Amino acid sequence: MADLEALLDDFAGECADLERLVAPLPPREWARPTPADGWTIAHQIGHLAWTDDIATIAATDADTFTRTLAEAGPKALTLVDEAADEAARTPAPELLRRWQRGRATLAGALRAVPAGVKLPWFGPPMSPASMITARIMETWAHGQDVTDALGARREPTARLRNIAHIGVRTRNFAYAVRGATPPAEEFRVELTAPDGTGWTWGPADAGQRVTGPAIDFCLLVTQRRHRDDLALEADGPDASEWLNIAQAFAGPTGAGRAAGQFA
């Protein structure tokens with residue numbers, strides 16, 4: 001069973017790492033473009049703040065969340081971009097405070113969810129542990145966009161295991177969102193953690209496998225780097241195909257990043 005408090009600690013750590021990058025920036029720097037087409041640093045932080053806020057609604061008032069989603073109707077696919085655009089127009093100090101407040105409120109809301117209750121979401125309902133794991137993944141992924149925009153560097157941490165876990169668990173979703181049938185057999189995934197130890201998923205005797213650095217796998221499944229620029233190896237044709245389409249996030253397939261885009 002997932003340790004919610006440990007996951008909340010990881011979420012706080014991921015947010016703190018990103019905050020250390022953006023908090024010192026003068027307001028004009030929040031308008032700096034990021035690798036996500038049309039998104040500035042303000043868009044990235046605004047998106048995280050909005051998603052934390054709506055996750056809090058899902059955790060505290062399922063009826064309001066469901067009604068909000070229903071009212072969005074055909075705009076549901078553009079809701080995220082529109083929310084990011086609106087948030088990006090907020091003055092940087094105010095947007096930073098909103099993000100700080102929202103993530104703290106979300107942590108408290110998830111702690112209060114009764115055992116066994118699942119929360120409504122844009123995809124399948126989620127447990128509090130799954131919800132906060134998804135928030136870790138998104139915070140890290142959008143933090144990578146900010147990191148790239150600033151030409152900065154982040155040290156990989158053990159928190160990457162949360163992102164890698166989602167990347168493995170969403171294998172079949174990556175096929176489904178493309179209208180394809182996933183392979184019947186499980187793959188073996190063997191990743192090297194930042195401290196040099198190994199993280200594994202899937203049966204040890206699987207016929208197909210993926211191996212490589214955990215950081216590279218996380219960059220791949222969040223579509224922050226092109227496969228050609230990563231040190232991942234696939235043993236088997238299906239495993240290789242998966243690395244071409246993997247995505248750890250819900251929603252439509254993304255454009256990803258171009259090969260050679262980052263030195």
# chains A, B, ... in the order shown; residues from 1 in each chain; ligands from 1
$ select_by_dssp --residues "segment 99-259 of chain A" --states "strand (DSSP E)" --output "list of chain:residue names"
A:Arg188, A:Val189, A:Glu190, A:Leu191, A:Thr192, A:Gly198, A:Trp199, A:Thr200, A:Trp201, A:Arg209, A:Val210, A:Thr211, A:Gly212, A:Pro213, A:Glu233, A:Ala234, A:Asp235
$ write_last_selection --atoms "N, CA, C and O atoms" --output "PDB file, in the first residue's frame"
ATOM      1  N   ARG A 188       9.766  -6.069 -18.980  1.00  0.00           N
ATOM      2  CA  ARG A 188      10.644  -5.844 -17.847  1.00  0.00           C
ATOM      3  C   ARG A 188      11.280  -4.470 -18.031  1.00  0.00           C
ATOM      4  O   ARG A 188      11.781  -4.147 -19.116  1.00  0.00           O
ATOM      5  N   VAL A 189      11.226  -3.638 -17.007  1.00  0.00           N
ATOM      6  CA  VAL A 189      11.865  -2.326 -17.035  1.00  0.00           C
ATOM      7  C   VAL A 189      12.913  -2.287 -15.939  1.00  0.00           C
ATOM      8  O   VAL A 189      12.595  -2.502 -14.761  1.00  0.00           O
ATOM      9  N   GLU A 190      14.142  -2.049 -16.313  1.00  0.00           N
ATOM     10  CA  GLU A 190      15.265  -2.010 -15.367  1.00  0.00           C
ATOM     11  C   GLU A 190      15.974  -0.669 -15.518  1.00  0.00           C
ATOM     12  O   GLU A 190      16.565  -0.377 -16.561  1.00  0.00           O
ATOM     13  N   LEU A 191      15.887   0.153 -14.474  1.00  0.00           N
ATOM     14  CA  LEU A 191      16.435   1.505 -14.534  1.00  0.00           C
ATOM     15  C   LEU A 191      17.505   1.708 -13.473  1.00  0.00           C
ATOM     16  O   LEU A 191      17.414   1.150 -12.369  1.00  0.00           O
ATOM     17  N   THR A 192      18.481   2.510 -13.800  1.00  0.00           N
ATOM     18  CA  THR A 192      19.528   2.865 -12.849  1.00  0.00           C
ATOM     19  C   THR A 192      19.146   4.159 -12.153  1.00  0.00           C
ATOM     20  O   THR A 192      18.988   5.207 -12.801  1.00  0.00           O
ATOM     21  N   GLY A 198      19.373  -0.088  -8.490  1.00  0.00           N
ATOM     22  CA  GLY A 198      18.461  -0.457  -9.555  1.00  0.00           C
ATOM     23  C   GLY A 198      17.006  -0.384  -9.145  1.00  0.00           C
ATOM     24  O   GLY A 198      16.651  -0.713  -8.006  1.00  0.00           O
ATOM     25  N   TRP A 199      16.169   0.058 -10.060  1.00  0.00           N
ATOM     26  CA  TRP A 199      14.717   0.034  -9.896  1.00  0.00           C
ATOM     27  C   TRP A 199      14.147  -0.859 -10.988  1.00  0.00           C
ATOM     28  O   TRP A 199      14.517  -0.727 -12.164  1.00  0.00           O
ATOM     29  N   THR A 200      13.248  -1.758 -10.621  1.00  0.00           N
ATOM     30  CA  THR A 200      12.723  -2.698 -11.610  1.00  0.00           C
ATOM     31  C   THR A 200      11.204  -2.795 -11.533  1.00  0.00           C
ATOM     32  O   THR A 200      10.602  -2.619 -10.469  1.00  0.00           O
ATOM     33  N   TRP A 201      10.626  -3.090 -12.682  1.00  0.00           N
ATOM     34  CA  TRP A 201       9.197  -3.372 -12.812  1.00  0.00           C
ATOM     35  C   TRP A 201       9.039  -4.538 -13.782  1.00  0.00           C
ATOM     36  O   TRP A 201       9.841  -4.699 -14.707  1.00  0.00           O
ATOM     37  N   ARG A 209      12.297  -6.085 -22.866  1.00  0.00           N
ATOM     38  CA  ARG A 209      12.643  -5.220 -21.733  1.00  0.00           C
ATOM     39  C   ARG A 209      13.173  -3.874 -22.191  1.00  0.00           C
ATOM     40  O   ARG A 209      13.588  -3.703 -23.339  1.00  0.00           O
ATOM     41  N   VAL A 210      13.163  -2.950 -21.235  1.00  0.00           N
ATOM     42  CA  VAL A 210      13.715  -1.605 -21.416  1.00  0.00           C
ATOM     43  C   VAL A 210      14.726  -1.381 -20.307  1.00  0.00           C
ATOM     44  O   VAL A 210      14.443  -1.669 -19.136  1.00  0.00           O
ATOM     45  N   THR A 211      15.902  -0.870 -20.644  1.00  0.00           N
ATOM     46  CA  THR A 211      16.935  -0.608 -19.651  1.00  0.00           C
ATOM     47  C   THR A 211      17.544   0.765 -19.890  1.00  0.00           C
ATOM     48  O   THR A 211      17.511   1.295 -21.006  1.00  0.00           O
ATOM     49  N   GLY A 212      18.098   1.350 -18.827  1.00  0.00           N
ATOM     50  CA  GLY A 212      18.779   2.626 -18.967  1.00  0.00           C
ATOM     51  C   GLY A 212      18.687   3.462 -17.711  1.00  0.00           C
ATOM     52  O   GLY A 212      18.143   3.027 -16.685  1.00  0.00           O
ATOM     53  N   PRO A 213      19.185   4.688 -17.752  1.00  0.00           N
ATOM     54  CA  PRO A 213      19.127   5.578 -16.593  1.00  0.00           C
ATOM     55  C   PRO A 213      17.685   5.996 -16.284  1.00  0.00           C
ATOM     56  O   PRO A 213      16.905   6.282 -17.189  1.00  0.00           O
ATOM     57  N   GLU A 233      17.714   1.573 -23.830  1.00  0.00           N
ATOM     58  CA  GLU A 233      17.808   0.435 -24.739  1.00  0.00           C
ATOM     59  C   GLU A 233      16.520  -0.387 -24.653  1.00  0.00           C
ATOM     60  O   GLU A 233      15.993  -0.613 -23.557  1.00  0.00           O
ATOM     61  N   ALA A 234      16.031  -0.818 -25.796  1.00  0.00           N
ATOM     62  CA  ALA A 234      14.854  -1.682 -25.857  1.00  0.00           C
ATOM     63  C   ALA A 234      15.255  -3.018 -26.450  1.00  0.00           C
ATOM     64  O   ALA A 234      15.896  -3.062 -27.511  1.00  0.00           O
ATOM     65  N   ASP A 235      14.882  -4.075 -25.764  1.00  0.00           N
ATOM     66  CA  ASP A 235      15.127  -5.434 -26.251  1.00  0.00           C
ATOM     67  C   ASP A 235      13.791  -6.024 -26.661  1.00  0.00           C
ATOM     68  O   ASP A 235      12.991  -6.419 -25.815  1.00  0.00           O
TER      69      ASP A 235
END
$ closest_atom_pairs --of "segment 47-106 of chain A" --to "segment 123-131 of chain A" --cutoff "12 Å" --atoms "only C-alpha atoms" --output "JSON lines"
{"residue": "A:Thr51", "atom": "CA", "partner": "A:Met131", "partner_atom": "CA", "distance": 11.0}
{"residue": "A:Asp52", "atom": "CA", "partner": "A:Met131", "partner_atom": "CA", "distance": 10.0}
{"residue": "A:Ile54", "atom": "CA", "partner": "A:Met131", "partner_atom": "CA", "distance": 11.5}
{"residue": "A:Ala55", "atom": "CA", "partner": "A:Met131", "partner_atom": "CA", "distance": 7.9}
{"residue": "A:Thr56", "atom": "CA", "partner": "A:Met131", "partner_atom": "CA", "distance": 10.1}
{"residue": "A:Ala58", "atom": "CA", "partner": "A:Pro125", "partner_atom": "CA", "distance": 9.7}
{"residue": "A:Ala59", "atom": "CA", "partner": "A:Pro128", "partner_atom": "CA", "distance": 7.9}
{"residue": "A:Thr60", "atom": "CA", "partner": "A:Pro128", "partner_atom": "CA", "distance": 11.3}
{"residue": "A:Ala62", "atom": "CA", "partner": "A:Pro125", "partner_atom": "CA", "distance": 10.6}
{"residue": "A:Phe65", "atom": "CA", "partner": "A:Pro125", "partner_atom": "CA", "distance": 11.9}
{"residue": "A:Thr66", "atom": "CA", "partner": "A:Pro125", "partner_atom": "CA", "distance": 11.2}
{"residue": "A:Leu69", "atom": "CA", "partner": "A:Gly123", "partner_atom": "CA", "distance": 11.1}
{"residue": "A:Ala76", "atom": "CA", "partner": "A:Gly123", "partner_atom": "CA", "distance": 11.9}
{"residue": "A:Leu106", "atom": "CA", "partner": "A:Met131", "partner_atom": "CA", "distance": 10.1}
$ residues_around --residues "segment 172-178 of chain A" --least-positions-apart "4" --cutoff "10 Å" --atoms "only C-alpha atoms" --output "list in words"
Gly167, Val168, Pro182, Pro183, Ala184, Glu186, Val221, Glu241, Trp242, Leu243, Asn244, Ile245, Ala246, Gln247, Ala248, Phe249, Ala250, Gly251, Pro252 and Thr253 of chain A
$ write_last_selection --atoms "N, CA and C atoms" --output "short mmCIF file (atom, residue, chain, number, x, y, z; two decimals), in the first residue's frame"
data_model
loop_
_atom_site.label_atom_id
_atom_site.label_comp_id
_atom_site.auth_asym_id
_atom_site.auth_seq_id
_atom_site.Cartn_x
_atom_site.Cartn_y
_atom_site.Cartn_z
N GLY A 167 5.23 6.13 -15.47
CA GLY A 167 5.60 5.82 -16.84
C GLY A 167 5.39 4.36 -17.20
N VAL A 168 5.70 3.47 -16.25
CA VAL A 168 5.49 2.03 -16.47
C VAL A 168 4.00 1.71 -16.45
N PRO A 182 -2.52 -2.63 -26.99
CA PRO A 182 -1.22 -2.83 -26.35
C PRO A 182 -0.79 -4.29 -26.42
N PRO A 183 0.50 -4.56 -26.31
CA PRO A 183 0.97 -5.95 -26.28
C PRO A 183 0.36 -6.71 -25.11
N ALA A 184 0.13 -7.99 -25.31
CA ALA A 184 -0.47 -8.81 -24.25
C ALA A 184 0.50 -9.08 -23.11
N GLU A 186 3.68 -8.43 -20.44
CA GLU A 186 4.34 -7.36 -19.71
C GLU A 186 5.79 -7.24 -20.17
N VAL A 221 9.14 9.51 -20.86
CA VAL A 221 7.70 9.28 -20.65
C VAL A 221 6.95 10.59 -20.39
N GLU A 241 8.78 -0.14 -29.80
CA GLU A 241 7.64 0.68 -30.24
C GLU A 241 7.11 1.51 -29.08
N TRP A 242 7.04 0.91 -27.91
CA TRP A 242 6.53 1.63 -26.74
C TRP A 242 7.36 2.88 -26.45
N LEU A 243 8.66 2.77 -26.56
CA LEU A 243 9.51 3.93 -26.29
C LEU A 243 9.25 5.06 -27.27
N ASN A 244 8.69 4.76 -28.40
CA ASN A 244 8.36 5.81 -29.37
C ASN A 244 7.07 6.54 -29.04
N ILE A 245 6.21 5.93 -28.22
CA ILE A 245 4.89 6.52 -27.97
C ILE A 245 4.60 6.75 -26.49
N ALA A 246 5.51 6.36 -25.61
CA ALA A 246 5.24 6.41 -24.17
C ALA A 246 4.84 7.81 -23.72
N GLN A 247 3.85 7.88 -22.83
CA GLN A 247 3.47 9.14 -22.20
C GLN A 247 2.89 8.86 -20.82
N ALA A 248 3.39 9.58 -19.84
CA ALA A 248 2.96 9.38 -18.46
C ALA A 248 1.81 10.30 -18.08
N PHE A 249 1.38 11.16 -18.97
CA PHE A 249 0.34 12.14 -18.68
C PHE A 249 -0.96 11.78 -19.37
N ALA A 250 -2.07 12.21 -18.79
CA ALA A 250 -3.38 11.98 -19.39
C ALA A 250 -3.60 12.95 -20.54
N GLY A 251 -4.65 12.70 -21.30
CA GLY A 251 -4.98 13.62 -22.38
C GLY A 251 -4.40 13.18 -23.70
N PRO A 252 -4.56 14.03 -24.72
CA PRO A 252 -4.09 13.67 -26.06
C PRO A 252 -2.58 13.58 -26.12
N THR A 253 -2.09 12.93 -27.16
CA THR A 253 -0.65 12.78 -27.34
C THR A 253 -0.02 14.15 -27.54
#
$ closest_residue --among "A:Thr64, A:Thr105, A:Gln44, A:Asn162" --to "Ala88 of chain A" --atoms "only C-alpha atoms"
A:Gln44
$ residues_around --residues "Leu96 of chain A" --least-positions-apart "4" --cutoff "10 Å" --atoms "only C-alpha atoms" --output "PDB file with C-alpha atoms, in the first residue's frame"
ATOM      1  CA  GLU A  19      10.319  27.289  -6.426  1.00  0.00           C
ATOM      2  CA  VAL A  22      11.363  30.805 -10.100  1.00  0.00           C
ATOM      3  CA  ALA A  23      11.062  32.727  -6.823  1.00  0.00           C
ATOM      4  CA  ALA A  42       4.276  32.026 -16.058  1.00  0.00           C
ATOM      5  CA  ILE A  45       3.543  27.844 -12.924  1.00  0.00           C
ATOM      6  CA  GLY A  46      -0.015  28.930 -13.652  1.00  0.00           C
ATOM      7  CA  ALA A  49      -1.375  26.184  -9.642  1.00  0.00           C
ATOM      8  CA  THR A  90      -1.506  37.289 -13.192  1.00  0.00           C
ATOM      9  CA  PRO A  91       1.353  39.388 -11.754  1.00  0.00           C
ATOM     10  CA  ALA A  92       4.265  37.095 -10.960  1.00  0.00           C
ATOM     11  CA  GLN A 100       2.273  28.107  -2.817  1.00  0.00           C
ATOM     12  CA  ARG A 101      -1.163  28.273  -1.182  1.00  0.00           C
ATOM     13  CA  GLY A 102      -2.764  25.848  -3.583  1.00  0.00           C
TER      14      GLY A 102
END
$ atom_distance --atom1 "atom CA of Ala258 of chain A" --atom2 "atom CA of His226 of chain A"
5.8 Å
$ atom_distance --atom1 "atom CA of Val146 of chain A" --atom2 "atom CA of Ile41 of chain A"
5.9 Å
$ select_by_dssp --residues "segment 38-170 of chain A" --states "alpha helix (DSSP H)" --output "PyMOL selection string"
chain A and resi 41-60+62-72+79-88+92-111+128-150+160-169
$ atom_distance --atom1 "atom CA of Gly143 of chain A" --atom2 "atom CA of Thr78 of chain A"
21.4 Å
$ residues_around --residues "Asp148 of chain A" --least-positions-apart "5" --cutoff "12 Å" --atoms "only C-alpha atoms" --output "PyMOL selection string"
chain A and resi 18+21+32-36+40-41+141-143+153-154+224-225+257+261-263
